[in-house]
Amino acid sequence: MLAGWWLALVGLPVFLQPMPEAPQLPAALAVASGQVSLRQPCLRLVCADAEWQGLLPRVVDAQRAPGAVDRIRAMRLPQLASRRYIGLHSPASRRDWFSSTGSHALFAARYGVEAVRNPDTRVQLEFGTGYRLQPYADWGAADQGLVASGLMRWNQRLGERAALNQQVRIERGREHAFVRQTIGLDLRLDPQWSLLGDVELRHDTAGNGGEGRTDREGSLRLRYAF
């Protein structure tokens, strides 16, 4: 009651107008008499597709007469049972790996990561360390003992018929290092014919009496797939 009179005095120009709920009374009198509530309306969600269903009433089975046959009840299948499903599968592959190798020439452990992976470009980086027993074996350095190595692979698609690839590998020992770099271009001429070309550079810091030596080699091949 006090709230209604306070609103009537403070908001006199406004609360003299009637409200839709009580058009015959001024707004202040309608609120004071309780015919109009100042509470906000309560809203609730309604599903237009009627996918939300209420609980069915509980059915109590009546007592059956001796020798009566049970009645077969209609069975309602679930709503989603008749729908067709399309199975999708997205295999997830790791983008890093760890490997270890051992041979008569080198014992090593390596860690690799695929830095870039998309339909057109792939970049892989690999780092490792090990112990070299035989110099120069498997494109290694001229030192014996502890070595560190690094590898970079890059593959780039050039349209629908060409691909460019590059690989750089370096191994560093206590005093010397060995670097091997290969750049290749693959061109598909036909569904069965391909033209493969590559250039390889090898640099040994221990070669040529310690001044370093670089060897270059190239090849061009025509491949036919049966």
# chains A, B, ... in the order shown; residues from 1 in each chain; ligands from 1
>>> residues_around(residues="region 117-122 of chain A", least_positions_apart="6", cutoff="9 Å", atoms="only C-alpha atoms", output="JSON, numbers by chain")
{"A": [95, 153, 154, 155, 156, 157, 158, 159]}
>>> write_last_selection(atoms="C-alpha atoms", output="PDB file, in the first residue's frame")
ATOM      1  CA  ARG A  95      52.546 -34.748 -35.394  1.00  0.00           C
ATOM      2  CA  ARG A 153      62.072 -32.236 -45.119  1.00  0.00           C
ATOM      3  CA  TRP A 154      59.904 -29.987 -47.278  1.00  0.00           C
ATOM      4  CA  ASN A 155      57.268 -31.096 -49.783  1.00  0.00           C
ATOM      5  CA  GLN A 156      55.292 -28.636 -51.886  1.00  0.00           C
ATOM      6  CA  ARG A 157      52.622 -29.412 -54.472  1.00  0.00           C
ATOM      7  CA  LEU A 158      52.663 -27.250 -57.607  1.00  0.00           C
ATOM      8  CA  GLY A 159      49.256 -27.693 -59.161  1.00  0.00           C
TER       9      GLY A 159
END
>>> closest_atom_pairs(of="region 171-205 of chain A", to="region 123-140 of chain A", cutoff="12 Å", atoms="only C-alpha atoms", output="tab-separated table")
residue	atom	partner	partner_atom	distance
A:Glu171	CA	A:Gly140	CA	6.1
A:Arg172	CA	A:Gly140	CA	8.4
A:Gly173	CA	A:Arg132	CA	8.7
A:Arg174	CA	A:Arg132	CA	11.0
A:His176	CA	A:Gly140	CA	10.0
A:Ala177	CA	A:Gly140	CA	8.0
A:Phe178	CA	A:Gly140	CA	6.1
A:Val179	CA	A:Trp139	CA	8.2
A:Arg180	CA	A:Trp139	CA	7.5
A:Gln181	CA	A:Trp139	CA	10.9
A:Leu201	CA	A:Trp139	CA	11.7
A:Arg202	CA	A:Trp139	CA	8.9
A:His203	CA	A:Trp139	CA	10.2
A:Asp204	CA	A:Gly140	CA	9.3
A:Thr205	CA	A:Gly140	CA	11.4
>>> closest_residue(among="A:Ser219, A:Ser33, A:Thr182, A:Gln166", to="Gly197 (chain A)", atoms="only C-alpha atoms")
A:Ser219
>>> atom_distance(atom1="CA of Leu195 (chain A)", atom2="CA of Arg221 (chain A)")
5.9 Å
>>> closest_residue(among="A:Leu164, A:Pro20, A:Gly209, A:Ala105", to="Gly145 (chain A)", atoms="only C-alpha atoms")
A:Ala105
>>> closest_residue(among="A:Asp198, A:Asp96, A:Glu21, A:Asp190", to="Tyr224 (chain A)", atoms="only C-alpha atoms")
A:Asp190
